[in-house]
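Undergrad: So I've got this file, coords.cif, and it contains mmCIF, C-alpha atoms, pLDDT in the B column; chains and numbers go by the auth columns:
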```
data_final
#
loop_
_atom_site.group_PDB
_atom_site.id
_atom_site.type_symbol
_atom_site.label_atom_id
_atom_site.label_comp_id
_atom_site.label_asym_id
_atom_site.label_seq_id
_atom_site.Cartn_x
_atom_site.Cartn_y
_atom_site.Cartn_z
_atom_site.B_iso_or_equiv
_atom_site.auth_seq_id
_atom_site.auth_asym_id
ATOM 1 C CA MET A 1 4.677 8.940 20.803 41.00 308 A
ATOM 2 C CA ASP A 2 8.404 8.890 21.345 41.00 309 A
ATOM 3 C CA GLY A 3 9.618 10.181 18.018 43.00 310 A
ATOM 4 C CA ASP A 4 10.777 6.843 16.672 44.00 311 A
ATOM 5 C CA GLY A 5 8.279 6.641 13.857 46.00 312 A
ATOM 6 C CA GLY A 6 5.776 5.351 16.372 44.00 313 A
ATOM 7 C CA GLY A 7 6.399 1.895 17.702 45.00 314 A
ATOM 8 C CA ALA A 8 9.525 0.934 15.813 44.00 315 A
ATOM 9 C CA ALA A 9 10.910 -0.137 19.166 43.00 316 A
ATOM 10 C CA ALA A 10 8.344 -2.919 19.213 46.00 317 A
ATOM 11 C CA ALA A 11 10.376 -4.524 16.470 44.00 318 A
ATOM 12 C CA HIS A 12 12.877 -5.810 18.976 46.00 319 A
ATOM 13 C CA HIS A 13 10.605 -8.525 20.344 48.00 320 A
ATOM 14 C CA HIS A 14 10.893 -11.752 18.469 52.00 321 A
ATOM 15 C CA THR A 15 8.296 -14.392 17.621 75.00 322 A
ATOM 16 C CA ARG A 16 5.819 -11.975 16.123 89.00 323 A
ATOM 17 C CA SER A 17 3.114 -13.342 13.874 95.00 324 A
ATOM 18 C CA PRO A 18 1.753 -11.989 10.583 96.00 325 A
ATOM 19 C CA GLU A 19 -1.371 -11.117 12.576 96.00 326 A
ATOM 20 C CA ASP A 20 0.686 -8.823 14.849 96.00 327 A
ATOM 21 C CA VAL A 21 2.222 -7.046 11.878 97.00 328 A
ATOM 22 C CA PHE A 22 -1.193 -6.804 10.245 97.00 329 A
ATOM 23 C CA ARG A 23 -2.634 -5.161 13.388 97.00 330 A
ATOM 24 C CA ASP A 24 0.152 -2.583 13.226 97.00 331 A
ATOM 25 C CA PHE A 25 -0.535 -2.070 9.495 98.00 332 A
ATOM 26 C CA ARG A 26 -4.263 -1.670 10.088 97.00 333 A
ATOM 27 C CA ALA A 27 -3.753 0.895 12.858 97.00 334 A
ATOM 28 C CA ARG A 28 -1.297 2.986 10.826 98.00 335 A
ATOM 29 C CA ARG A 29 -3.626 2.767 7.844 98.00 336 A
ATOM 30 C CA ALA A 30 -6.579 3.928 9.964 97.00 337 A
ATOM 31 C CA GLY A 31 -4.526 6.957 11.034 98.00 338 A
ATOM 32 C CA ILE A 32 -3.691 7.851 7.442 97.00 339 A
ATOM 33 C CA VAL A 33 -7.288 7.369 6.303 97.00 340 A
ATOM 34 C CA LYS A 34 -8.377 9.825 9.042 97.00 341 A
ATOM 35 C CA ALA A 35 -5.833 12.384 7.840 96.00 342 A
ATOM 36 C CA LEU A 36 -7.127 12.127 4.283 95.00 343 A
ATOM 37 C CA THR A 37 -10.855 12.000 5.056 96.00 344 A
ATOM 38 C CA THR A 38 -12.289 13.170 8.397 96.00 345 A
ATOM 39 C CA ASP A 39 -9.312 15.374 9.352 96.00 346 A
ATOM 40 C CA VAL A 40 -8.597 16.518 5.817 94.00 347 A
ATOM 41 C CA GLU A 41 -8.911 20.272 6.520 93.00 348 A
ATOM 42 C CA ARG A 42 -6.367 20.133 9.315 94.00 349 A
ATOM 43 C CA PHE A 43 -4.103 17.841 7.321 93.00 350 A
ATOM 44 C CA TYR A 44 -4.210 20.143 4.299 90.00 351 A
ATOM 45 C CA GLN A 45 -3.247 23.176 6.368 89.00 352 A
ATOM 46 C CA MET A 46 -0.351 21.385 8.049 89.00 353 A
ATOM 47 C CA CYS A 47 1.285 20.558 4.750 87.00 354 A
ATOM 48 C CA ASP A 48 2.578 24.018 4.185 79.00 355 A
ATOM 49 C CA PRO A 49 5.470 23.883 1.788 72.00 356 A
ATOM 50 C CA GLU A 50 8.346 22.261 3.561 77.00 357 A
ATOM 51 C CA ASN A 51 9.674 18.755 3.172 84.00 358 A
ATOM 52 C CA LEU A 52 7.245 16.937 5.385 90.00 359 A
ATOM 53 C CA CYS A 53 6.061 13.357 5.720 93.00 360 A
ATOM 54 C CA LEU A 54 2.665 11.937 6.666 95.00 361 A
ATOM 55 C CA TYR A 55 3.033 9.178 9.261 96.00 362 A
ATOM 56 C CA GLY A 56 0.315 6.755 10.319 97.00 363 A
ATOM 57 C CA LEU A 57 0.930 5.690 13.922 97.00 364 A
ATOM 58 C CA PRO A 58 0.240 2.341 15.617 97.00 365 A
ATOM 59 C CA ASN A 59 -2.414 3.968 17.825 97.00 366 A
ATOM 60 C CA GLU A 60 -4.601 4.854 14.808 97.00 367 A
ATOM 61 C CA THR A 61 -3.575 8.505 14.745 97.00 368 A
ATOM 62 C CA TRP A 62 -1.479 10.455 12.238 97.00 369 A
ATOM 63 C CA GLU A 63 1.113 13.165 12.247 95.00 370 A
ATOM 64 C CA VAL A 64 2.777 15.415 9.730 94.00 371 A
ATOM 65 C CA THR A 65 6.370 16.083 10.577 92.00 372 A
ATOM 66 C CA LEU A 66 9.908 16.285 9.289 89.00 373 A
ATOM 67 C CA PRO A 67 11.502 12.962 8.358 88.00 374 A
ATOM 68 C CA ALA A 68 13.628 11.027 10.856 87.00 375 A
ATOM 69 C CA GLU A 69 17.133 12.436 11.096 87.00 376 A
ATOM 70 C CA GLU A 70 18.948 9.183 11.662 85.00 377 A
ATOM 71 C CA VAL A 71 20.331 7.422 8.626 84.00 378 A
ATOM 72 C CA PRO A 72 19.276 4.765 7.993 85.00 379 A
ATOM 73 C CA PRO A 73 16.004 5.442 9.829 86.00 380 A
ATOM 74 C CA GLU A 74 14.663 2.769 12.124 89.00 381 A
ATOM 75 C CA LEU A 75 11.649 2.177 9.895 92.00 382 A
ATOM 76 C CA PRO A 76 11.238 2.842 6.171 94.00 383 A
ATOM 77 C CA GLU A 77 10.297 6.502 5.711 93.00 384 A
ATOM 78 C CA PRO A 78 7.194 7.807 3.921 93.00 385 A
ATOM 79 C CA ALA A 79 7.537 9.838 0.717 87.00 386 A
ATOM 80 C CA LEU A 80 9.219 13.122 1.494 85.00 387 A
ATOM 81 C CA GLY A 81 7.384 16.281 0.596 79.00 388 A
ATOM 82 C CA ILE A 82 3.712 15.364 0.685 83.00 389 A
ATOM 83 C CA ASN A 83 3.155 19.008 -0.075 75.00 390 A
ATOM 84 C CA PHE A 84 4.647 18.461 -3.551 71.00 391 A
ATOM 85 C CA ALA A 85 2.575 20.456 -5.986 73.00 392 A
ATOM 86 C CA ARG A 86 -0.134 20.814 -3.354 82.00 393 A
ATOM 87 C CA ASP A 87 -0.939 24.352 -4.389 82.00 394 A
ATOM 88 C CA GLY A 88 -0.744 23.638 -8.108 83.00 395 A
ATOM 89 C CA MET A 89 -3.192 20.745 -8.056 86.00 396 A
ATOM 90 C CA ILE A 90 -6.872 20.144 -7.563 89.00 397 A
ATOM 91 C CA GLU A 91 -7.214 19.105 -3.925 90.00 398 A
ATOM 92 C CA LYS A 92 -8.847 15.781 -4.810 91.00 399 A
ATOM 93 C CA ASP A 93 -5.942 14.842 -7.116 91.00 400 A
ATOM 94 C CA TRP A 94 -3.407 15.901 -4.535 91.00 401 A
ATOM 95 C CA LEU A 95 -5.074 13.748 -1.884 93.00 402 A
ATOM 96 C CA SER A 96 -5.098 10.742 -4.247 93.00 403 A
ATOM 97 C CA LEU A 97 -1.379 11.236 -4.828 92.00 404 A
ATOM 98 C CA VAL A 98 -0.695 11.322 -1.090 94.00 405 A
ATOM 99 C CA ALA A 99 -2.889 8.214 -0.741 95.00 406 A
ATOM 100 C CA VAL A 100 -0.871 6.288 -3.337 95.00 407 A
ATOM 101 C CA HIS A 101 2.408 7.147 -1.606 95.00 408 A
ATOM 102 C CA SER A 102 0.889 6.242 1.761 96.00 409 A
ATOM 103 C CA ASP A 103 -0.193 2.820 0.480 97.00 410 A
ATOM 104 C CA ALA A 104 3.354 2.162 -0.698 96.00 411 A
ATOM 105 C CA TRP A 105 4.752 3.246 2.666 97.00 412 A
ATOM 106 C CA LEU A 106 2.327 1.084 4.674 98.00 413 A
ATOM 107 C CA LEU A 107 3.321 -1.986 2.646 97.00 414 A
ATOM 108 C CA SER A 108 7.011 -1.259 3.023 97.00 415 A
ATOM 109 C CA VAL A 109 6.683 -0.936 6.810 97.00 416 A
ATOM 110 C CA ALA A 110 4.705 -4.190 7.054 97.00 417 A
ATOM 111 C CA PHE A 111 7.234 -6.123 4.972 97.00 418 A
ATOM 112 C CA TYR A 112 10.136 -4.500 6.806 96.00 419 A
ATOM 113 C CA PHE A 113 8.702 -5.986 10.007 96.00 420 A
ATOM 114 C CA GLY A 114 8.146 -9.267 8.148 96.00 421 A
ATOM 115 C CA ALA A 115 11.838 -9.383 7.251 95.00 422 A
ATOM 116 C CA ARG A 116 12.877 -8.328 10.762 94.00 423 A
ATOM 117 C CA PHE A 117 10.829 -11.128 12.293 94.00 424 A
ATOM 118 C CA GLY A 118 12.114 -13.670 9.773 95.00 425 A
ATOM 119 C CA PHE A 119 8.757 -14.451 8.143 96.00 426 A
ATOM 120 C CA ASP A 120 8.916 -17.351 5.717 96.00 427 A
ATOM 121 C CA LYS A 121 7.027 -17.572 2.446 96.00 428 A
ATOM 122 C CA ASP A 122 3.770 -18.704 4.060 96.00 429 A
ATOM 123 C CA ALA A 123 3.898 -16.014 6.724 96.00 430 A
ATOM 124 C CA ARG A 124 4.518 -13.366 4.062 97.00 431 A
ATOM 125 C CA ARG A 125 1.627 -14.706 2.024 97.00 432 A
ATOM 126 C CA ARG A 126 -0.675 -14.633 5.065 97.00 433 A
ATOM 127 C CA LEU A 127 0.361 -11.074 5.791 97.00 434 A
ATOM 128 C CA PHE A 128 -0.146 -9.976 2.197 97.00 435 A
ATOM 129 C CA THR A 129 -3.531 -11.708 1.937 97.00 436 A
ATOM 130 C CA MET A 130 -4.806 -9.940 5.049 97.00 437 A
ATOM 131 C CA ILE A 131 -3.541 -6.601 3.739 97.00 438 A
ATOM 132 C CA ASN A 132 -4.908 -7.236 0.278 96.00 439 A
ATOM 133 C CA ASN A 133 -8.390 -7.932 1.638 96.00 440 A
ATOM 134 C CA LEU A 134 -8.633 -4.329 2.842 95.00 441 A
ATOM 135 C CA PRO A 135 -9.297 -1.571 0.333 96.00 442 A
ATOM 136 C CA THR A 136 -6.223 0.593 -0.211 96.00 443 A
ATOM 137 C CA VAL A 137 -6.071 4.134 1.152 96.00 444 A
ATOM 138 C CA TYR A 138 -6.218 5.271 -2.481 96.00 445 A
ATOM 139 C CA GLU A 139 -9.432 3.297 -3.084 96.00 446 A
ATOM 140 C CA ILE A 140 -11.010 4.827 0.023 95.00 447 A
ATOM 141 C CA VAL A 141 -9.960 8.387 -0.802 94.00 448 A
ATOM 142 C CA THR A 142 -11.107 8.185 -4.424 93.00 449 A
ATOM 143 C CA GLY A 143 -14.348 6.377 -3.577 90.00 450 A
ATOM 144 C CA VAL A 144 -13.427 3.344 -5.704 84.00 451 A
ATOM 145 C CA ALA A 145 -13.809 1.085 -2.664 74.00 452 A
ATOM 146 C CA LYS A 146 -17.544 1.824 -2.408 74.00 453 A
ATOM 147 C CA LYS A 147 -18.164 1.295 -6.114 70.00 454 A
ATOM 148 C CA GLN A 148 -16.175 -1.923 -6.147 65.00 455 A
ATOM 149 C CA SER A 149 -18.395 -3.525 -3.567 63.00 456 A
ATOM 150 C CA LYS A 150 -21.456 -2.829 -5.754 58.00 457 A
ATOM 151 C CA ALA A 151 -20.160 -3.371 -9.270 48.00 458 A
ATOM 152 C CA PRO A 152 -16.888 -5.056 -10.120 47.00 459 A
ATOM 153 C CA ASN A 153 -16.011 -2.465 -12.730 45.00 460 A
ATOM 154 C CA GLY A 154 -17.526 0.503 -10.969 41.00 461 A
ATOM 155 C CA SER A 155 -14.829 2.877 -12.113 41.00 462 A
ATOM 156 C CA SER A 156 -13.573 2.664 -15.650 41.00 463 A
ATOM 157 C CA LYS A 157 -10.357 4.463 -14.712 42.00 464 A
ATOM 158 C CA SER A 158 -9.369 1.965 -12.091 40.00 465 A
ATOM 159 C CA SER A 159 -10.353 -1.121 -14.022 39.00 466 A
ATOM 160 C CA LYS A 160 -8.317 0.051 -17.008 39.00 467 A
ATOM 161 C CA SER A 161 -5.230 0.784 -14.999 40.00 468 A
ATOM 162 C CA ASN A 162 -5.529 -2.461 -13.091 40.00 469 A
ATOM 163 C CA SER A 163 -5.898 -4.683 -16.108 39.00 470 A
ATOM 164 C CA LYS A 164 -2.214 -5.076 -16.935 40.00 471 A
ATOM 165 C CA PRO A 165 -0.527 -4.888 -13.553 40.00 472 A
ATOM 166 C CA SER A 166 -2.283 -8.021 -12.328 39.00 473 A
ATOM 167 C CA LYS A 167 0.895 -9.531 -13.707 39.00 474 A
ATOM 168 C CA GLN A 168 2.504 -8.992 -10.389 40.00 475 A
ATOM 169 C CA THR A 169 0.857 -12.118 -9.144 41.00 476 A
ATOM 170 C CA ASN A 170 2.751 -14.924 -7.612 43.00 477 A
ATOM 171 C CA SER A 171 6.198 -13.740 -6.735 42.00 478 A
ATOM 172 C CA ASN A 172 7.482 -10.862 -4.772 42.00 479 A
ATOM 173 C CA SER A 173 10.906 -11.071 -6.352 42.00 480 A
ATOM 174 C CA LYS A 174 11.764 -7.838 -8.019 43.00 481 A
ATOM 175 C CA PRO A 175 12.114 -9.024 -11.590 45.00 482 A
ATOM 176 C CA ALA A 176 8.789 -10.805 -11.789 45.00 483 A
ATOM 177 C CA LYS A 177 6.452 -8.082 -12.819 47.00 484 A
ATOM 178 C CA PRO A 178 5.907 -7.162 -16.432 50.00 485 A
ATOM 179 C CA ALA A 179 3.663 -4.440 -15.116 46.00 486 A
ATOM 180 C CA HIS A 180 5.186 -1.037 -15.256 44.00 487 A
ATOM 181 C CA PRO A 181 5.142 -0.117 -18.958 43.00 488 A
ATOM 182 C CA LYS A 182 1.365 0.293 -18.881 44.00 489 A
ATOM 183 C CA GLU A 183 1.265 2.690 -15.994 42.00 490 A
ATOM 184 C CA ASP A 184 3.222 5.504 -17.588 45.00 491 A
ATOM 185 C CA ASP A 185 0.951 5.603 -20.580 45.00 492 A
ATOM 186 C CA ASP A 186 -2.088 7.767 -20.286 48.00 493 A
ATOM 187 C CA SER A 187 -2.348 8.568 -23.964 48.00 494 A
ATOM 188 C CA GLY A 188 -3.792 5.170 -24.845 47.00 495 A
ATOM 189 C CA GLN A 189 -2.340 5.506 -28.308 49.00 496 A
ATOM 190 C CA GLU A 190 0.563 3.193 -27.997 47.00 497 A
ATOM 191 C CA ASP A 191 -1.343 0.097 -27.121 49.00 498 A
ATOM 192 C CA GLY A 192 0.072 -2.017 -29.921 50.00 499 A
ATOM 193 C CA GLU A 193 3.588 -1.298 -28.936 50.00 500 A
ATOM 194 C CA GLU A 194 2.805 -1.619 -25.222 50.00 501 A
ATOM 195 C CA ASP A 195 1.575 -5.147 -25.786 53.00 502 A
ATOM 196 C CA GLN A 196 4.841 -6.032 -27.460 55.00 503 A
ATOM 197 C CA ALA A 197 6.372 -5.608 -24.056 54.00 504 A
ATOM 198 C CA TYR A 198 4.504 -8.674 -22.868 69.00 505 A
ATOM 199 C CA LEU A 199 5.740 -11.154 -25.436 82.00 506 A
ATOM 200 C CA CYS A 200 8.435 -13.532 -24.251 86.00 507 A
ATOM 201 C CA GLY A 201 11.770 -12.592 -25.850 83.00 508 A
ATOM 202 C CA SER A 202 12.567 -16.284 -26.146 84.00 509 A
ATOM 203 C CA CYS A 203 9.446 -18.111 -27.380 85.00 510 A
ATOM 204 C CA GLY A 204 7.355 -15.119 -28.515 81.00 511 A
ATOM 205 C CA GLU A 205 4.298 -16.234 -26.537 82.00 512 A
ATOM 206 C CA SER A 206 2.352 -13.682 -24.520 78.00 513 A
ATOM 207 C CA TYR A 207 1.987 -13.476 -20.778 75.00 514 A
ATOM 208 C CA ALA A 208 -0.524 -15.790 -19.104 73.00 515 A
ATOM 209 C CA ASN A 209 -1.794 -15.065 -15.670 72.00 516 A
ATOM 210 C CA GLY A 210 0.210 -16.453 -12.797 74.00 517 A
ATOM 211 C CA GLU A 211 3.315 -17.334 -14.787 79.00 518 A
ATOM 212 C CA PHE A 212 6.707 -16.338 -13.513 84.00 519 A
ATOM 213 C CA TRP A 213 8.465 -13.822 -15.762 86.00 520 A
ATOM 214 C CA ILE A 214 11.815 -12.090 -15.540 87.00 521 A
ATOM 215 C CA CYS A 215 13.055 -8.942 -17.255 87.00 522 A
ATOM 216 C CA CYS A 216 16.559 -8.561 -18.708 88.00 523 A
ATOM 217 C CA ASP A 217 18.237 -5.531 -17.154 86.00 524 A
ATOM 218 C CA VAL A 218 20.230 -4.918 -20.340 86.00 525 A
ATOM 219 C CA CYS A 219 17.761 -5.165 -23.247 87.00 526 A
ATOM 220 C CA GLU A 220 14.653 -4.839 -21.003 83.00 527 A
ATOM 221 C CA LYS A 221 12.814 -7.683 -22.724 85.00 528 A
ATOM 222 C CA TRP A 222 10.618 -9.988 -20.642 86.00 529 A
ATOM 223 C CA PHE A 223 11.061 -13.771 -20.651 85.00 530 A
ATOM 224 C CA HIS A 224 9.129 -16.721 -19.278 87.00 531 A
ATOM 225 C CA GLY A 225 11.209 -17.991 -16.383 87.00 532 A
ATOM 226 C CA LYS A 226 10.970 -21.488 -17.835 86.00 533 A
ATOM 227 C CA CYS A 227 12.309 -20.356 -21.252 88.00 534 A
ATOM 228 C CA VAL A 228 15.488 -18.994 -19.700 89.00 535 A
ATOM 229 C CA ARG A 229 15.649 -21.607 -16.939 86.00 536 A
ATOM 230 C CA ILE A 230 15.205 -19.154 -14.070 88.00 537 A
ATOM 231 C CA THR A 231 12.984 -20.136 -11.161 86.00 538 A
ATOM 232 C CA PRO A 232 11.441 -17.613 -8.741 83.00 539 A
ATOM 233 C CA ALA A 233 13.874 -18.921 -6.115 82.00 540 A
ATOM 234 C CA LYS A 234 16.871 -18.246 -8.364 83.00 541 A
ATOM 235 C CA ALA A 235 15.525 -14.811 -9.237 83.00 542 A
ATOM 236 C CA GLU A 236 15.562 -13.861 -5.551 81.00 543 A
ATOM 237 C CA HIS A 237 19.366 -13.985 -5.648 81.00 544 A
ATOM 238 C CA ILE A 238 19.952 -12.205 -8.937 83.00 545 A
ATOM 239 C CA LYS A 239 20.824 -8.550 -8.530 81.00 546 A
ATOM 240 C CA GLN A 240 20.971 -7.823 -12.239 85.00 547 A
ATOM 241 C CA TYR A 241 19.542 -10.317 -14.690 86.00 548 A
ATOM 242 C CA LYS A 242 21.016 -10.683 -18.187 87.00 549 A
ATOM 243 C CA CYS A 243 19.151 -12.770 -20.738 88.00 550 A
ATOM 244 C CA PRO A 244 21.039 -15.477 -22.682 85.00 551 A
ATOM 245 C CA SER A 245 21.568 -13.318 -25.774 84.00 552 A
ATOM 246 C CA CYS A 246 22.857 -10.317 -23.772 86.00 553 A
ATOM 247 C CA SER A 247 25.160 -12.630 -21.793 83.00 554 A
ATOM 248 C CA SER A 248 26.618 -14.143 -24.948 81.00 555 A
ATOM 249 C CA LYS A 249 27.092 -10.714 -26.572 73.00 556 A
ATOM 250 C CA ARG A 250 29.065 -9.746 -23.533 60.00 557 A
ATOM 251 C CA SER A 251 31.358 -12.726 -23.699 61.00 558 A
ATOM 252 C CA ARG A 252 32.045 -12.288 -27.431 55.00 559 A
ATOM 253 C CA GLU A 253 33.377 -8.759 -27.026 53.00 560 A
#
```
Could you rewrite the structure in this file as structure tokens?

TA:
Amino acid sequence: MDGDGGGAAAAHHHTRSPEDVFRDFRARRAGIVKALTTDVERFYQMCDPENLCLYGLPNETWEVTLPAEEVPPELPEPALGINFARDGMIEKDWLSLVAVHSDAWLLSVAFYFGARFGFDKDARRRLFTMINNLPTVYEIVTGVAKKQSKAPNGSSKSSKSNSKPSKQTNSNSKPAKPAHPKEDDDSGQEDGEEDQAYLCGSCGESYANGEFWICCDVCEKWFHGKCVRITPAKAEHIKQYKCPSCSSKRSRE
């Protein structure tokens, strides 16, 4: 352990394969799972209010420590302040929250390495497929992983929240996920209006699985890529996408 986020230095060797990055991912994930399951008492005590991060290390261990001081850090940093609301929450809920943030961090580290090593589309897909075949830390901590292996819809909570976001399917470009509106809505009362969000602003058809969609950054409507002539490849290069009607409004002013 040399204080560099554990093994970031390894990033300097070239010709690494998705399998190498996956091994690193799996080891860090194992460390985090230990912190949140077998070592949970110790982990809980170490998160005394201070802005701390939970790190999974490449040797399958974990540590709770202050974030890296260098800016930018050598590796993406975990969520700061895992002790957020620790004392105001039921322990189980707090652990699930840490698990969700840890899943996001593990993915960001893996894809950071992928970018560093110049992975192409197929290499990224291989990496993601290997990662996706493992249950998430969140699924392990909440016990969903066990239920899933027995019954596909073992937990009504998870199957409900997963029903819409499967829209993130086939493109990792930022615009292509009409997924987020559903996640903020626990009330379940606004379903009609939520579903509006998934109608194409151009042709009015709804979302079908696996299609490429893009969201206008101005009016926030979603469009079929094909309706607005944007391919996933084009979307990769668009920092801020404006739909045809927002673009023409702009030019008329």

Undergrad: Would you write out, as JSON, numbers by chain, every residue that the PyMOL selection byres ((chain A and resi 369) around 12) captures in this file?

TA: {"A": [308, 312, 313, 334, 335, 336, 337, 338, 339, 340, 341, 342, 343, 344, 345, 346, 347, 349, 350, 353, 360, 361, 362, 363, 364, 365, 366, 367, 368, 370, 371, 372, 409]}

Undergrad: Using the chain letters and numbers from this file, what does the PyMOL selection byres ((chain A and resi 518-535) around 6) select? Give the answer as a VMD selection string.

TA: chain A and resid 482 to 483 507 to 508 515 to 517 536 to 538 548 to 550

Undergrad: Return the single residue from A:Ala452, A:Glu398, A:Pro385, A:Phe420 that is closest to Arg330 (chain A), with distances computed using all atoms listed in the file.

TA: A:Phe420

Undergrad: Residues picked by the PyMOL selection byres ((chain A and resi 435) around 9) here, as a PyMOL selection string?

TA: chain A and resi 325+329+414+417-418+430-434+436-440

Undergrad: Write out as JSON, numbers by chain the residues lying within 10 Å of Tyr445 (chain A), counting only C-alpha atoms and excluding same-chain residues fewer than 5 positions away.

TA: {"A": [340, 343, 402, 403, 404, 405, 406, 407, 408, 409, 410, 450, 451, 452]}

Undergrad: If you measure from CA of Glu512 (chain A) to CA of Pro539 (chain A), what distance in Å do you get, rounded to one decimal?

TA: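 Distance reported for this atom pair: 19.2 Å.
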
Undergrad: Could you state the separation of CA of Lys556 (chain A) and CA of Leu506 (chain A) in Å, given to one decimal place?

TA: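 Computing the Euclidean distance for CA of Lys556 (chain A) and CA of Leu506 (chain A) yields 21.4 Å.
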
Undergrad: What is the CA of Val416 (chain A) to CA of Leu441 (chain A) distance in Å?

TA: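 Result for CA of Val416 (chain A) versus CA of Leu441 (chain A): 16.2 Å, one decimal.
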
Undergrad: Which residues come within 6 Å of region 354-359 of chain A, counting only C-alpha atoms, excluding same-chain residues fewer than 4 positions away, as a list of chain:residue names?

TA: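 What passes the distance filter is A:Thr372, A:Leu373, A:Leu387, A:Gly388, A:Asn390.
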
Undergrad: Would you compute, for all listed atoms of region 365-377 of chain A, the axis-aligned bounding box grown by 3 Å on each side, and then report its centre and edge lengths in Å rounded to one decimal, as lines of an AutoDock Vina configuration file?

TA:
```
center_x = 7.2
center_y = 9.3
center_z = 13.1
size_x = 29.5
size_y = 19.9
size_z = 15.5
```

Undergrad: Output region 515-527 of chain A with N, CA and C atoms present, as a PDB file, keeping the file's coordinate frame.

TA:
```pdb
ATOM      1  N   ALA A 515       0.717 -15.191 -19.592  1.00 73.00           N
ATOM      2  CA  ALA A 515      -0.524 -15.790 -19.104  1.00 73.00           C
ATOM      3  C   ALA A 515      -0.539 -15.624 -17.595  1.00 73.00           C
ATOM      4  N   ASN A 516      -1.707 -15.414 -17.069  1.00 72.00           N
ATOM      5  CA  ASN A 516      -1.794 -15.065 -15.670  1.00 72.00           C
ATOM      6  C   ASN A 516      -1.121 -16.078 -14.756  1.00 72.00           C
ATOM      7  N   GLY A 517      -0.373 -15.561 -13.783  1.00 74.00           N
ATOM      8  CA  GLY A 517       0.210 -16.453 -12.797  1.00 74.00           C
ATOM      9  C   GLY A 517       1.549 -17.033 -13.192  1.00 74.00           C
ATOM     10  N   GLU A 518       2.005 -16.791 -14.421  1.00 79.00           N
ATOM     11  CA  GLU A 518       3.315 -17.334 -14.787  1.00 79.00           C
ATOM     12  C   GLU A 518       4.426 -16.476 -14.232  1.00 79.00           C
ATOM     13  N   PHE A 519       5.549 -17.098 -13.988  1.00 84.00           N
ATOM     14  CA  PHE A 519       6.707 -16.338 -13.513  1.00 84.00           C
ATOM     15  C   PHE A 519       7.472 -15.779 -14.713  1.00 84.00           C
ATOM     16  N   TRP A 520       7.701 -14.473 -14.697  1.00 86.00           N
ATOM     17  CA  TRP A 520       8.465 -13.822 -15.762  1.00 86.00           C
ATOM     18  C   TRP A 520       9.658 -13.114 -15.174  1.00 86.00           C
ATOM     19  N   ILE A 521      10.653 -12.848 -16.002  1.00 87.00           N
ATOM     20  CA  ILE A 521      11.815 -12.090 -15.540  1.00 87.00           C
ATOM     21  C   ILE A 521      12.218 -11.124 -16.657  1.00 87.00           C
ATOM     22  N   CYS A 522      12.707  -9.964 -16.269  1.00 87.00           N
ATOM     23  CA  CYS A 522      13.055  -8.942 -17.255  1.00 87.00           C
ATOM     24  C   CYS A 522      14.571  -8.798 -17.326  1.00 87.00           C
ATOM     25  N   CYS A 523      15.114  -8.745 -18.540  1.00 88.00           N
ATOM     26  CA  CYS A 523      16.559  -8.561 -18.708  1.00 88.00           C
ATOM     27  C   CYS A 523      16.894  -7.104 -18.403  1.00 88.00           C
ATOM     28  N   ASP A 524      17.878  -6.898 -17.530  1.00 86.00           N
ATOM     29  CA  ASP A 524      18.237  -5.531 -17.154  1.00 86.00           C
ATOM     30  C   ASP A 524      19.015  -4.818 -18.251  1.00 86.00           C
ATOM     31  N   VAL A 525      19.465  -5.555 -19.269  1.00 86.00           N
ATOM     32  CA  VAL A 525      20.230  -4.918 -20.340  1.00 86.00           C
ATOM     33  C   VAL A 525      19.295  -4.515 -21.480  1.00 86.00           C
ATOM     34  N   CYS A 526      18.607  -5.505 -22.101  1.00 87.00           N
ATOM     35  CA  CYS A 526      17.761  -5.165 -23.247  1.00 87.00           C
ATOM     36  C   CYS A 526      16.310  -4.878 -22.832  1.00 87.00           C
ATOM     37  N   GLU A 527      15.989  -5.116 -21.544  1.00 83.00           N
ATOM     38  CA  GLU A 527      14.653  -4.839 -21.003  1.00 83.00           C
ATOM     39  C   GLU A 527      13.535  -5.643 -21.660  1.00 83.00           C
TER      40      GLU A 527
END
```
